[in-house]
>>> print(open('protein-v2.cif').read())   # mmCIF, C-alpha atoms
data_work
#
loop_
_atom_site.label_atom_id
_atom_site.label_comp_id
_atom_site.auth_asym_id
_atom_site.auth_seq_id
_atom_site.Cartn_x
_atom_site.Cartn_y
_atom_site.Cartn_z
CA MET U 1 3.15 18.02 -7.06
CA GLU U 2 1.02 15.54 -8.99
CA PRO U 3 -0.87 12.96 -6.91
CA VAL U 4 0.00 9.25 -7.23
CA PHE U 5 -2.00 6.13 -6.40
CA TYR U 6 -0.21 2.83 -5.72
CA PRO U 7 -2.13 -0.47 -5.81
CA ALA U 8 -0.42 -2.79 -3.32
CA VAL U 9 0.74 -6.16 -4.66
CA ASP U 10 2.61 -9.29 -3.57
CA PHE U 11 5.33 -9.82 -6.17
CA ILE U 12 6.92 -12.71 -4.25
CA ASN U 13 3.98 -15.07 -3.89
CA GLY U 14 5.64 -18.33 -4.91
CA ARG U 15 8.98 -19.78 -5.86
CA VAL U 16 8.73 -18.52 -9.45
CA PRO U 17 7.35 -15.30 -11.00
CA LYS U 18 4.45 -17.12 -12.66
CA GLY U 19 2.55 -16.55 -9.46
CA THR U 20 0.00 -18.57 -7.55
CA GLY U 21 -3.71 -18.29 -6.90
CA VAL U 22 -5.23 -14.83 -7.27
CA TRP U 23 -1.85 -13.24 -8.00
CA ARG U 24 -1.33 -15.27 -11.17
CA ASP U 25 -4.13 -13.45 -13.02
CA LEU U 26 -3.92 -10.22 -11.07
CA LEU U 27 -0.27 -9.56 -11.86
CA GLY U 28 0.21 -10.84 -15.35
CA ASP U 29 -1.91 -13.62 -16.82
CA HIS U 30 -4.99 -11.47 -17.45
CA PRO U 31 -4.71 -8.79 -20.20
CA LEU U 32 -5.71 -6.19 -17.59
CA GLY U 33 -3.27 -7.59 -15.02
CA LEU U 34 -1.41 -4.92 -13.11
CA LEU U 35 1.88 -5.50 -14.93
CA ASN U 36 0.24 -5.29 -18.36
CA ARG U 37 -1.18 -1.76 -18.25
CA ASN U 38 -0.19 0.98 -20.67
CA PRO U 39 0.72 3.47 -19.36
CA PRO U 40 2.26 1.35 -16.58
CA LEU U 41 0.78 1.55 -13.10
CA PRO U 42 2.96 2.59 -10.15
CA LEU U 43 2.84 -0.23 -7.58
CA LEU U 44 3.59 -0.69 -3.90
CA THR U 45 4.80 -3.81 -2.17
CA SER U 46 5.87 -4.56 1.41
CA ALA U 47 9.48 -5.53 2.03
CA LEU U 48 8.26 -8.48 4.12
CA HIS U 49 5.31 -9.63 2.02
CA PHE U 50 7.10 -12.88 1.21
CA LEU U 51 6.31 -14.02 4.77
CA ASN U 52 2.66 -14.39 3.74
CA HIS U 53 3.63 -17.04 1.17
CA ARG U 54 5.99 -19.35 3.10
CA ILE U 55 8.98 -18.44 0.96
CA SER U 56 12.15 -20.27 1.99
CA PRO U 57 15.43 -18.41 2.60
CA MET U 58 16.88 -20.05 -0.52
CA ALA U 59 13.91 -18.93 -2.65
CA LEU U 60 14.16 -15.40 -1.26
CA SER U 61 17.85 -15.32 -2.15
CA HIS U 62 16.89 -16.11 -5.73
CA TRP U 63 14.30 -13.32 -5.74
CA ARG U 64 16.89 -10.91 -4.33
CA SER U 65 19.44 -11.77 -7.02
CA LYS U 66 18.00 -9.08 -9.31
CA PRO U 67 15.32 -6.36 -9.12
CA LEU U 68 11.72 -7.58 -8.89
CA ARG U 69 10.75 -6.10 -12.25
CA GLU U 70 13.44 -8.17 -13.97
CA HIS U 71 11.89 -11.42 -12.75
CA TYR U 72 8.70 -10.75 -14.70
CA PRO U 73 8.61 -10.94 -18.52
CA GLN U 74 6.01 -8.20 -19.02
CA GLY U 75 8.57 -5.40 -19.15
CA TRP U 76 6.74 -3.40 -16.49
CA THR U 77 8.35 0.03 -16.13
CA GLY U 78 6.12 1.64 -13.49
CA GLU U 79 7.41 3.14 -10.27
CA LEU U 80 8.08 0.61 -7.49
CA PHE U 81 7.38 1.80 -3.93
CA VAL U 82 8.57 -0.63 -1.25
CA ASP U 83 7.15 -0.12 2.24
CA SER U 84 9.06 -1.51 5.23
CA GLY U 85 6.41 -3.99 6.39
CA GLY U 86 6.79 -2.78 9.96
CA PHE U 87 3.18 -3.68 10.74
CA MET U 88 4.16 -7.36 10.43
CA LEU U 89 6.66 -6.93 13.26
CA ILE U 90 3.91 -5.46 15.41
CA MET U 91 1.61 -8.40 14.64
CA ASP U 92 4.35 -10.84 15.65
CA PRO U 93 6.79 -9.24 18.14
CA TYR U 94 8.77 -12.51 18.26
CA LEU U 95 9.28 -12.60 14.50
CA ASP U 96 12.82 -13.77 13.81
CA LEU U 97 14.16 -12.80 10.40
CA SER U 98 17.68 -14.08 10.99
CA ARG U 99 17.10 -17.11 8.76
CA TYR U 100 16.64 -14.60 5.94
CA GLY U 101 19.88 -12.81 6.83
CA ILE U 102 18.20 -9.95 8.70
CA GLN U 103 19.53 -9.71 12.25
CA SER U 104 17.40 -8.27 15.06
CA ASP U 105 20.05 -5.69 15.99
CA ARG U 106 20.20 -4.43 12.39
CA LEU U 107 16.52 -4.38 11.44
CA PRO U 108 16.47 -0.90 9.84
CA GLU U 109 19.54 -1.67 7.76
CA GLY U 110 18.33 -5.18 6.91
CA ILE U 111 14.96 -3.89 5.70
CA LEU U 112 16.70 -1.22 3.61
CA GLU U 113 18.92 -3.83 1.96
CA LEU U 114 15.79 -5.80 1.04
CA GLN U 115 14.24 -2.69 -0.47
CA LEU U 116 17.39 -1.96 -2.47
CA ASP U 117 17.61 -5.55 -3.71
CA TYR U 118 13.98 -5.34 -4.87
CA GLY U 119 14.94 -2.38 -7.03
CA ALA U 120 12.79 0.16 -5.17
CA ASP U 121 12.35 3.58 -6.74
CA ARG U 122 10.77 4.83 -3.51
CA ILE U 123 10.91 3.48 0.04
CA ALA U 124 9.39 4.09 3.46
CA SER U 125 11.79 3.18 6.25
CA LEU U 126 11.07 0.85 9.16
CA ASP U 127 8.33 1.97 11.53
CA TRP U 128 6.16 0.85 14.43
CA PRO U 129 2.44 1.68 13.97
CA ILE U 130 0.31 3.23 16.73
CA PRO U 131 -3.31 2.00 16.61
CA PRO U 132 -6.14 3.93 18.29
CA GLY U 133 -6.33 3.51 22.06
CA LEU U 134 -2.74 2.34 22.50
CA ASP U 135 -1.24 2.93 25.96
CA PRO U 136 0.53 6.33 25.82
CA GLU U 137 3.79 4.94 27.19
CA GLU U 138 3.82 2.21 24.55
CA ALA U 139 3.03 4.80 21.90
CA LYS U 140 6.06 6.86 22.98
CA ARG U 141 8.23 3.74 22.90
CA ARG U 142 7.13 3.02 19.33
CA GLN U 143 7.81 6.60 18.30
CA ARG U 144 11.33 6.33 19.72
CA LEU U 145 11.90 3.10 17.78
CA THR U 146 10.55 4.66 14.58
CA LEU U 147 12.74 7.75 14.96
CA GLU U 148 15.83 5.63 15.66
CA ALA U 149 15.11 3.50 12.56
CA THR U 150 14.59 6.66 10.51
CA LEU U 151 17.98 8.07 11.49
CA ARG U 152 19.76 4.75 10.95
CA THR U 153 18.17 4.42 7.52
CA GLY U 154 19.15 7.98 6.63
CA ARG U 155 22.76 7.38 7.65
CA ARG U 156 22.94 4.31 5.44
CA LEU U 157 21.29 6.09 2.51
CA ALA U 158 23.83 8.91 2.83
CA GLU U 159 26.61 6.36 2.25
CA LEU U 160 25.11 5.24 -1.06
CA PRO U 161 26.00 6.83 -4.41
CA PRO U 162 23.12 9.00 -5.67
CA HIS U 163 22.22 6.63 -8.52
CA ARG U 164 21.53 3.83 -5.97
CA ARG U 165 19.55 6.01 -3.60
CA PRO U 166 15.74 5.61 -3.81
CA LYS U 167 13.35 8.43 -2.95
CA TRP U 168 12.72 8.26 0.77
CA LEU U 169 9.48 8.72 2.68
CA VAL U 170 9.86 9.07 6.44
CA PRO U 171 7.07 7.29 8.39
CA VAL U 172 5.22 9.20 11.12
CA HIS U 173 2.63 8.01 13.66
CA GLY U 174 0.76 9.53 16.59
CA LEU U 175 -1.97 8.90 19.13
CA ASP U 176 -3.90 11.99 18.01
CA PRO U 177 -3.37 14.82 15.51
CA ASP U 178 -1.40 17.03 17.91
CA ASP U 179 0.83 14.12 18.95
CA LEU U 180 1.37 13.26 15.28
CA ALA U 181 2.27 16.85 14.41
CA GLN U 182 4.76 16.99 17.28
CA PHE U 183 6.37 13.66 16.31
CA THR U 184 6.60 14.78 12.68
CA GLN U 185 8.30 18.03 13.73
CA ASN U 186 10.68 16.17 16.06
CA THR U 187 11.59 13.77 13.25
CA LEU U 188 12.29 16.55 10.76
CA ASN U 189 14.36 18.43 13.35
CA ALA U 190 16.43 15.32 14.10
CA LEU U 191 17.06 14.77 10.39
CA LYS U 192 18.14 18.39 9.97
CA ALA U 193 20.50 18.10 12.94
CA GLU U 194 22.26 15.14 11.30
CA GLY U 195 22.35 16.74 7.84
CA LEU U 196 19.99 14.12 6.41
CA ILE U 197 16.96 16.25 5.59
CA GLU U 198 18.03 16.72 1.96
CA LEU U 199 17.60 12.97 1.42
CA VAL U 200 13.91 13.11 2.40
CA ASP U 201 11.29 13.24 -0.35
CA GLY U 202 8.33 13.31 2.03
CA VAL U 203 6.56 11.82 5.01
CA ALA U 204 4.30 8.76 5.11
CA VAL U 205 1.42 8.96 7.57
CA GLY U 206 0.65 5.59 9.13
CA SER U 207 -1.84 4.12 11.61
CA LEU U 208 -4.76 5.47 9.57
CA VAL U 209 -6.28 2.17 8.44
CA PRO U 210 -7.70 1.13 11.86
CA ARG U 211 -9.49 4.48 11.99
CA ARG U 212 -10.85 4.11 8.48
CA LEU U 213 -12.11 0.62 9.30
CA ARG U 214 -13.95 2.09 12.31
CA TYR U 215 -15.45 4.79 10.05
CA LEU U 216 -13.54 7.51 11.92
CA TYR U 217 -13.12 9.49 8.71
CA GLY U 218 -12.97 12.84 10.50
CA GLU U 219 -9.97 11.64 12.51
CA VAL U 220 -8.20 10.44 9.36
CA VAL U 221 -8.68 13.86 7.75
CA ALA U 222 -7.51 15.59 10.94
CA PHE U 223 -4.30 13.52 10.98
CA ILE U 224 -3.40 14.58 7.43
CA ARG U 225 -4.25 18.20 8.24
CA ALA U 226 -1.96 18.06 11.28
CA VAL U 227 0.99 16.81 9.23
CA ARG U 228 0.44 19.43 6.55
CA ARG U 229 0.79 22.13 9.23
CA VAL U 230 4.40 21.18 9.99
CA VAL U 231 5.99 19.80 6.80
CA PRO U 232 7.78 22.17 4.42
CA GLU U 233 6.02 23.30 1.27
CA GLY U 234 6.63 20.90 -1.60
CA MET U 235 7.27 17.86 0.61
CA ARG U 236 5.18 14.83 -0.32
CA ILE U 237 2.61 13.50 2.15
CA HIS U 238 1.72 9.85 1.64
CA ALA U 239 -1.39 8.37 3.31
CA PHE U 240 -0.87 4.66 3.96
CA GLY U 241 -3.80 2.36 3.16
CA MET U 242 -6.19 5.02 1.87
CA SER U 243 -8.43 4.57 -1.18
CA GLY U 244 -12.02 5.09 -2.26
CA LEU U 245 -14.27 7.96 -1.27
CA ILE U 246 -11.96 9.40 1.38
CA VAL U 247 -9.24 10.19 -1.19
CA PRO U 248 -10.57 13.58 -2.41
CA PHE U 249 -11.00 14.78 1.17
CA LEU U 250 -7.39 13.85 1.97
CA MET U 251 -6.20 15.49 -1.24
CA ALA U 252 -7.97 18.67 -0.17
CA GLU U 253 -5.93 18.56 3.07
CA GLY U 254 -2.63 18.13 1.26
CA ALA U 255 -2.08 14.37 0.85
CA THR U 256 -0.31 13.71 -2.43
CA SER U 257 -0.04 9.93 -2.66
CA PHE U 258 -2.03 6.91 -1.54
CA ASP U 259 -1.89 3.12 -1.60
CA ALA U 260 -4.50 0.41 -1.24
CA THR U 261 -4.87 -3.28 -0.45
CA SER U 262 -8.64 -3.08 0.05
CA TYR U 263 -9.35 -3.87 -3.61
CA ILE U 264 -7.94 -7.38 -3.25
CA LYS U 265 -8.93 -7.96 0.38
CA ASN U 266 -12.54 -7.26 -0.53
CA ALA U 267 -12.32 -9.55 -3.56
CA ILE U 268 -10.95 -12.47 -1.53
CA TYR U 269 -14.06 -12.19 0.65
CA GLY U 270 -16.22 -12.17 -2.48
CA ILE U 271 -17.04 -8.46 -2.21
CA TYR U 272 -17.82 -6.41 -5.30
CA ILE U 273 -17.70 -2.58 -5.18
CA HIS U 274 -20.66 -1.03 -7.00
CA PRO U 275 -19.27 1.46 -9.57
CA LYS U 276 -21.99 4.08 -8.97
CA THR U 277 -23.15 3.74 -5.36
CA TYR U 278 -19.77 2.40 -4.08
CA ALA U 279 -21.69 -0.08 -1.94
CA ARG U 280 -19.87 -3.27 -0.92
CA ILE U 281 -21.93 -6.19 -2.26
CA ARG U 282 -21.18 -9.83 -1.51
CA LEU U 283 -21.17 -12.15 -4.48
CA PHE U 284 -23.76 -14.49 -2.94
CA GLU U 285 -26.14 -11.50 -2.71
CA MET U 286 -25.80 -11.13 -6.51
CA LYS U 287 -26.40 -14.78 -7.40
CA ASP U 288 -29.70 -13.97 -9.13
CA TRP U 289 -28.26 -11.16 -11.22
CA ASP U 290 -27.77 -11.81 -14.94
CA ARG U 291 -25.12 -9.12 -15.42
CA TYR U 292 -22.83 -6.88 -13.45
CA PRO U 293 -23.92 -3.21 -13.07
CA CYS U 294 -20.73 -2.00 -14.72
CA ASP U 295 -19.38 -1.36 -18.20
CA CYS U 296 -15.69 -1.85 -17.40
CA PRO U 297 -13.85 -4.45 -19.54
CA ILE U 298 -13.81 -6.86 -16.60
CA CYS U 299 -17.55 -6.87 -16.01
CA VAL U 300 -18.94 -6.73 -19.56
CA GLY U 301 -20.18 -10.13 -20.73
CA ARG U 302 -19.92 -11.81 -17.33
CA SER U 303 -22.70 -13.01 -15.06
CA PRO U 304 -22.68 -12.75 -11.25
CA ARG U 305 -24.92 -15.84 -11.18
CA GLU U 306 -22.34 -17.90 -13.08
CA ASP U 307 -19.43 -16.54 -11.02
CA ALA U 308 -21.23 -17.30 -7.76
CA ALA U 309 -21.94 -20.84 -8.95
CA ILE U 310 -18.20 -21.39 -9.43
CA VAL U 311 -17.22 -19.85 -6.09
CA TYR U 312 -19.79 -21.93 -4.19
CA GLY U 313 -18.93 -25.16 -5.98
CA LYS U 314 -22.12 -25.53 -8.02
CA THR U 315 -20.23 -25.57 -11.32
CA LYS U 316 -16.62 -26.21 -12.27
CA GLY U 317 -14.23 -23.33 -12.72
CA SER U 318 -11.30 -21.48 -11.19
CA ILE U 319 -12.31 -19.78 -7.95
CA SER U 320 -9.05 -17.81 -7.81
CA SER U 321 -9.76 -16.44 -11.30
CA ILE U 322 -13.14 -15.15 -10.14
CA TYR U 323 -11.52 -13.47 -7.13
CA SER U 324 -8.82 -11.91 -9.31
CA LEU U 325 -11.47 -10.49 -11.68
CA LEU U 326 -13.35 -9.05 -8.71
CA ALA U 327 -10.08 -7.49 -7.53
CA ILE U 328 -9.36 -5.92 -10.91
CA HIS U 329 -12.89 -4.50 -11.03
CA ASN U 330 -12.59 -3.15 -7.46
CA LEU U 331 -9.29 -1.54 -8.38
CA GLU U 332 -10.88 0.10 -11.42
CA VAL U 333 -13.41 1.74 -9.09
CA ASP U 334 -10.59 3.01 -6.85
CA LEU U 335 -8.64 4.27 -9.85
CA ASP U 336 -11.71 6.06 -11.25
CA ILE U 337 -12.26 7.90 -7.95
CA PHE U 338 -8.57 8.78 -7.81
CA ARG U 339 -8.47 10.08 -11.40
CA LYS U 340 -11.54 12.27 -10.91
CA SER U 341 -10.13 13.59 -7.63
CA LYS U 342 -6.79 14.34 -9.27
CA GLU U 343 -8.48 16.19 -12.14
CA ALA U 344 -10.47 18.26 -9.65
CA LEU U 345 -7.33 19.05 -7.64
CA LEU U 346 -5.34 20.16 -10.69
CA ALA U 347 -8.30 22.30 -11.81
CA GLY U 348 -8.45 23.96 -8.39
CA GLU U 349 -11.87 22.46 -7.67
CA ILE U 350 -11.07 19.75 -5.12
CA ASN U 351 -12.99 21.48 -2.32
CA ARG U 352 -16.15 21.40 -4.47
CA PHE U 353 -15.52 17.94 -5.90
CA TRP U 354 -18.45 16.07 -4.32
CA GLY U 355 -20.79 19.01 -4.63
CA ASN U 356 -20.77 18.98 -8.43
#
>>> encode(input="protein-v2.cif", output="structure tokens")
Amino acid sequence: MEPVFYPAVDFINGRVPKGTGVWRDLLGDHPLGLLNRNPPLPLLTSALHFLNHRISPMALSHWRSKPLREHYPQGWTGELFVDSGGFMLIMDPYLDLSRYGIQSDRLPEGILELQLDYGADRIASLDWPIPPGLDPEEAKRRQRLTLEATLRTGRRLAELPPHRRPKWLVPVHGLDPDDLAQFTQNTLNALKAEGLIELVDGVAVGSLVPRRLRYLYGEVVAFIRAVRRVVPEGMRIHAFGMSGLIVPFLMAEGATSFDATSYIKNAIYGIYIHPKTYARIRLFEMKDWDRYPCDCPICVGRSPREDAAIVYGKTKGSISSIYSLLAIHNLEVDLDIFRKSKEALLAGEINRFWGN
């Protein structure tokens, strides 16, 4: 199974597909925008990402009138992976989606309908993340909710004709690796019992990002290893929110796909990823540099000093354009690490990747 890397994007960031702010350049206006690549990039978006952009119910209805790719003129043909956006429900437990036609008693089905309307080629069904240190009883409650949503999603998918049925990743979460392995096994057993297992393309391991942000890389690796122990051979394992230097280690443990928002989150905070040392450098720390330490098409011919002057209001210019260029550069670093890791995996050398 060939590994896949999905940059995460916000397709619905305004009333029209032209886009606003950073997304205008990042998606399509810049020649290296994510919809302009050849070969096309696979992309991930959250089913609920429109909530970040104050999209009205009427505007969302327009966006749902046809698949997302058909709203954009670039002719992008890459794979579209639509995550459920369950983490947004955790952040706001009182979130009411009824004004968007998604009723609280039909959340799994409502999220799936959104994903189908977006034209998803691959989905992850509704889930409830389990961050480190969560009360064990609350963790069990969230696992029960996730399993219930998984089964309800599977039942609805089974009713669809095959040509309308996207590839399905089942989300799994746990307090620790053993708990995760047990929940994964319980989920697969429940799907088998209902005759839904044949609809499953793989599992998606969540709740990893808080551990990565705390530099608990060993735990992240252990979580992927635990899932690999219990899933059938040939079943995809997706690692939510993983990019950069941890990718080859997760590949070595059996992870086969990844997604990332860090490339744009870093850029919005003015952070540039060094292409050789992978250090995170703030733009204001580079204000005396005449050139970027990179030969990618984004960096060649540009000056950190001039970019910093625009961002900090010393000279006129588009701040959002600077951030979008930083994001594209940061993504190029992630993609380079992913490509090299993938080549090493396919050559049977992933375990020696960083030693060469």
>>> closest_atom_pairs(input="protein-v2.cif", of="region 148-228 of chain U", to="region 116-129 of chain U", cutoff="12 Å", atoms="all atoms listed in the file", output="tab-separated table")
residue	atom	partner	partner_atom	distance
U:Glu148	CA	U:Asp127	CA	9.3
U:Ala149	CA	U:Leu126	CA	5.9
U:Thr150	CA	U:Ser125	CA	6.2
U:Leu151	CA	U:Ser125	CA	9.5
U:Arg152	CA	U:Ser125	CA	9.4
U:Thr153	CA	U:Ser125	CA	6.6
U:Gly154	CA	U:Ser125	CA	8.8
U:Arg155	CA	U:Ser125	CA	11.8
U:Arg156	CA	U:Ser125	CA	11.2
U:Leu157	CA	U:Leu116	CA	10.2
U:Leu160	CA	U:Leu116	CA	10.7
U:His163	CA	U:Asp121	CA	10.5
U:Arg164	CA	U:Leu116	CA	7.9
U:Arg165	CA	U:Asp121	CA	8.2
U:Pro166	CA	U:Asp121	CA	4.9
U:Lys167	CA	U:Arg122	CA	4.5
U:Trp168	CA	U:Ile123	CA	5.2
U:Leu169	CA	U:Ala124	CA	4.7
U:Val170	CA	U:Ala124	CA	5.8
U:Pro171	CA	U:Asp127	CA	6.3
U:Val172	CA	U:Asp127	CA	7.9
U:His173	CA	U:Pro129	CA	6.3
U:Gly174	CA	U:Pro129	CA	8.4
U:Leu175	CA	U:Pro129	CA	9.9
U:Leu180	CA	U:Pro129	CA	11.7
U:Leu199	CA	U:Ile123	CA	11.7
U:Val200	CA	U:Ala124	CA	10.1
U:Asp201	CA	U:Arg122	CA	9.0
U:Gly202	CA	U:Ala124	CA	9.4
U:Val203	CA	U:Ala124	CA	8.4
U:Ala204	CA	U:Ala124	CA	7.1
U:Val205	CA	U:Pro129	CA	9.7
U:Gly206	CA	U:Pro129	CA	6.5
U:Ser207	CA	U:Pro129	CA	5.5
U:Leu208	CA	U:Pro129	CA	9.3
U:Val209	CA	U:Pro129	CA	10.3
U:Pro210	CA	U:Pro129	CA	10.4
>>> resolve_selection(input="protein-v2.cif", expression="the PyMOL selection byres ((chain U and resi 16) around 12)", output="PDB file with C-alpha atoms, in the coordinates of the input")
ATOM      1  CA  PHE U  11       5.330  -9.820  -6.170  1.00  0.00           C
ATOM      2  CA  ILE U  12       6.920 -12.710  -4.250  1.00  0.00           C
ATOM      3  CA  ASN U  13       3.980 -15.070  -3.890  1.00  0.00           C
ATOM      4  CA  GLY U  14       5.640 -18.330  -4.910  1.00  0.00           C
ATOM      5  CA  ARG U  15       8.980 -19.780  -5.860  1.00  0.00           C
ATOM      6  CA  PRO U  17       7.350 -15.300 -11.000  1.00  0.00           C
ATOM      7  CA  LYS U  18       4.450 -17.120 -12.660  1.00  0.00           C
ATOM      8  CA  GLY U  19       2.550 -16.550  -9.460  1.00  0.00           C
ATOM      9  CA  THR U  20       0.000 -18.570  -7.550  1.00  0.00           C
ATOM     10  CA  TRP U  23      -1.850 -13.240  -8.000  1.00  0.00           C
ATOM     11  CA  ARG U  24      -1.330 -15.270 -11.170  1.00  0.00           C
ATOM     12  CA  HIS U  53       3.630 -17.040   1.170  1.00  0.00           C
ATOM     13  CA  ILE U  55       8.980 -18.440   0.960  1.00  0.00           C
ATOM     14  CA  ALA U  59      13.910 -18.930  -2.650  1.00  0.00           C
ATOM     15  CA  LEU U  60      14.160 -15.400  -1.260  1.00  0.00           C
ATOM     16  CA  HIS U  62      16.890 -16.110  -5.730  1.00  0.00           C
ATOM     17  CA  TRP U  63      14.300 -13.320  -5.740  1.00  0.00           C
ATOM     18  CA  LEU U  68      11.720  -7.580  -8.890  1.00  0.00           C
ATOM     19  CA  HIS U  71      11.890 -11.420 -12.750  1.00  0.00           C
ATOM     20  CA  TYR U  72       8.700 -10.750 -14.700  1.00  0.00           C
ATOM     21  CA  PRO U  73       8.610 -10.940 -18.520  1.00  0.00           C
TER      22      PRO U  73
END
>>> atom_distance(input="protein-v2.cif", atom1="CA of Lys140 (chain U)", atom2="CA of Phe183 (chain U)")
9.5 Å
>>> resolve_selection(input="protein-v2.cif", expression="the PyMOL selection byres ((chain U and resi 342) around 10)", output="PyMOL selection string")
chain U and resi 2-5+247-248+251+256+336-341+343-350
>>> closest_residue(input="protein-v2.cif", among="U:Leu147, U:Glu219, U:Trp289, U:Asp307", to="Asn189 (chain U)", atoms="only C-alpha atoms")
U:Leu147
>>> residues_around(input="protein-v2.cif", residues="Tyr323 (chain U)", least_positions_apart="2", cutoff="10 Å", atoms="only C-alpha atoms", output="number ranges by chain")
U: 21-23, 25-26, 264-272, 307, 311, 318-321, 325-329
>>> residues_near_point(input="protein-v2.cif", point="(-3.7, -6.4, -16.0)", cutoff="10 Å", atoms="all atoms listed in the file", output="list of chain:residue names")
U:Asp25, U:Leu26, U:Leu27, U:Gly28, U:Asp29, U:His30, U:Pro31, U:Leu32, U:Gly33, U:Leu34, U:Leu35, U:Asn36, U:Arg37, U:Asn38, U:Pro40, U:Leu41, U:Leu325, U:Ile328
>>> resolve_selection(input="protein-v2.cif", expression="the PyMOL selection byres ((chain U and resi 222) around 12)", output="VMD selection string")
chain U and resid 174 to 181 205 208 211 216 to 221 223 to 229 249 to 250 252 to 255
>>> write_last_selection(input="protein-v2.cif", atoms="C-alpha atoms", output="JSON list (two decimals), in the frame of the given file")
[["chain", "number", "residue", "atom", "x", "y", "z"],
["U", 174, "GLY", "CA", 0.76, 9.53, 16.59],
["U", 175, "LEU", "CA", -1.97, 8.90, 19.13],
["U", 176, "ASP", "CA", -3.90, 11.99, 18.01],
["U", 177, "PRO", "CA", -3.37, 14.82, 15.51],
["U", 178, "ASP", "CA", -1.40, 17.03, 17.91],
["U", 179, "ASP", "CA", 0.83, 14.12, 18.95],
["U", 180, "LEU", "CA", 1.37, 13.26, 15.28],
["U", 181, "ALA", "CA", 2.27, 16.85, 14.41],
["U", 205, "VAL", "CA", 1.42, 8.96, 7.57],
["U", 208, "LEU", "CA", -4.76, 5.47, 9.57],
["U", 211, "ARG", "CA", -9.49, 4.48, 11.99],
["U", 216, "LEU", "CA", -13.54, 7.51, 11.92],
["U", 217, "TYR", "CA", -13.12, 9.49, 8.71],
["U", 218, "GLY", "CA", -12.97, 12.84, 10.50],
["U", 219, "GLU", "CA", -9.97, 11.64, 12.51],
["U", 220, "VAL", "CA", -8.20, 10.44, 9.36],
["U", 221, "VAL", "CA", -8.68, 13.86, 7.75],
["U", 223, "PHE", "CA", -4.30, 13.52, 10.98],
["U", 224, "ILE", "CA", -3.40, 14.58, 7.43],
["U", 225, "ARG", "CA", -4.25, 18.20, 8.24],
["U", 226, "ALA", "CA", -1.96, 18.06, 11.28],
["U", 227, "VAL", "CA", 0.99, 16.81, 9.23],
["U", 228, "ARG", "CA", 0.44, 19.43, 6.55],
["U", 229, "ARG", "CA", 0.79, 22.13, 9.23],
["U", 249, "PHE", "CA", -11.00, 14.78, 1.17],
["U", 250, "LEU", "CA", -7.39, 13.85, 1.97],
["U", 252, "ALA", "CA", -7.97, 18.67, -0.17],
["U", 253, "GLU", "CA", -5.93, 18.56, 3.07],
["U", 254, "GLY", "CA", -2.63, 18.13, 1.26],
["U", 255, "ALA", "CA", -2.08, 14.37, 0.85]]
>>> atom_distance(input="protein-v2.cif", atom1="CA of Lys276 (chain U)", atom2="CA of Arg302 (chain U)")
18.1 Å
>>> closest_residue(input="protein-v2.cif", among="U:Phe240, U:Tyr263, U:Tyr292, U:Trp76", to="Ser46 (chain U)", atoms="all atoms listed in the file")
U:Phe240
>>> atom_distance(input="protein-v2.cif", atom1="CA of Ile273 (chain U)", atom2="CA of Arg291 (chain U)")
14.2 Å
>>> residues_around(input="protein-v2.cif", residues="Pro304 (chain U)", least_positions_apart="3", cutoff="10 Å", atoms="all atoms listed in the file", output="list in words")
Tyr272, Leu283, Phe284, Glu285, Met286, Lys287, Asp288, Trp289, Asp290, Arg291, Tyr292, Pro293, Cys299, Asp307, Ala308, Ala309, Ile310 and Ile322 of chain U
>>> closest_residue(input="protein-v2.cif", among="U:Thr146, U:Ser104, U:Asn351, U:Thr77", to="Pro42 (chain U)", atoms="all atoms listed in the file")
U:Thr77
>>> residues_near_point(input="protein-v2.cif", point="(-11.0, -0.3, -17.0)", cutoff="6 Å", atoms="only C-alpha atoms", output="MDAnalysis selection string")
chainID U and resid 296:297 332
>>> closest_residue(input="protein-v2.cif", among="U:Asp10, U:Asp295, U:Glu70, U:Asp83", to="Leu51 (chain U)", atoms="only C-alpha atoms")
U:Asp10
>>> closest_residue(input="protein-v2.cif", among="U:Arg280, U:Leu196, U:Arg141, U:His49", to="Glu159 (chain U)", atoms="all atoms listed in the file")
U:Leu196
